[in-house]
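Notes for the one structure printed next.
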Amino acid sequence: MDRRQFAATGAGAMALLWQQACAEVADTGEVSAATARTLLDHQGPRGIYEEAEELDRLRAALANMINVQRQLREFPLDPDEPPLTVFWRG
């Protein structure tokens, strides 16, 4: 396995973990401790999040970020509104 294949595998796993976290927030309103730990383990050492209090703060932040992401994606856009930036080739 080369470096590019390894990175693609890692990105795929991270996407699945993020989908799991989003599903948990949709179902229960929070990210489970197990999912938060798995996300941390995928990125490297847990660091300060070994402490229960810090892990709880991280879980709340993850749930908040997922809710903000959902709200942004659901924001209604007027199809007749022109884009703010237009790129031209030339």
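Numbering starts fresh at 1 for the residues of each chain in the structure tokens, the chains themselves are lettered A, B, ... in the order given, and ligands are numbered from 1 as they appear.
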Helix (DSSP H, G or I) call set, DSSP backbone run, chain A, as number ranges by chain: A: 3-28, 33-43, 47-50, 52-74
Nearby residues (only C-alpha atoms) at most 12 Å from Leu58 of chain A, same-chain spacing under 6 positions excluded, as a ChimeraX atom specification: /A:30-33,35-37,39-40,46,48-52,64-65
What's around Thr38 of chain A at 12 Å? Count only C-alpha atoms, leave out sequence neighbours fewer than 5 positions away in its own chain, and write the answer as a tab-separated table (two decimals) with C-alpha atoms, in the first residue's frame.
chain	number	residue	atom	x	y	z
A	13	ALA	CA	-12.84	5.86	7.67
A	14	MET	CA	-13.02	9.42	9.00
A	16	LEU	CA	-17.83	7.10	8.18
A	17	LEU	CA	-17.02	8.18	11.73
A	18	TRP	CA	-18.35	11.67	11.03
A	20	GLN	CA	-21.93	8.14	12.74
A	21	ALA	CA	-21.56	11.28	14.86
A	31	VAL	CA	-22.30	12.49	20.32
A	32	SER	CA	-21.53	9.40	22.38
A	33	ALA	CA	-18.30	9.19	24.31
A	43	GLN	CA	-6.46	11.77	14.53
A	44	GLY	CA	-3.74	10.87	17.00
A	45	PRO	CA	-3.20	10.97	20.77
A	46	ARG	CA	-6.17	12.01	22.90
A	49	TYR	CA	-9.42	14.66	26.26
A	55	LEU	CA	-14.20	14.88	26.78
A	59	ARG	CA	-18.75	16.07	22.84
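In this model, the gap between atom CA of Phe75 of chain A and atom CA of Val25 of chain A comes to 18.7 Å.
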Atomic separation - atom CA of Asn67 of chain A relative to atom CA of Val86 of chain A, Å: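 Atom CA of Val86 of chain A sits 29.5 Å away from atom CA of Asn67 of chain A.
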Using only C-alpha atoms: which of A:Arg4, A:Ala26, A:Ala11, A:Arg89 has the shortest distance to Arg70 of chain A: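 Among A:Arg4, A:Ala26, A:Ala11, A:Arg89, it is A:Ala26 that comes nearest to Arg70 of chain A.
The gap separating atom CA of Ile66 of chain A from atom CA of Ala15 of chain A is 13.3 Å, in Å to one decimal.
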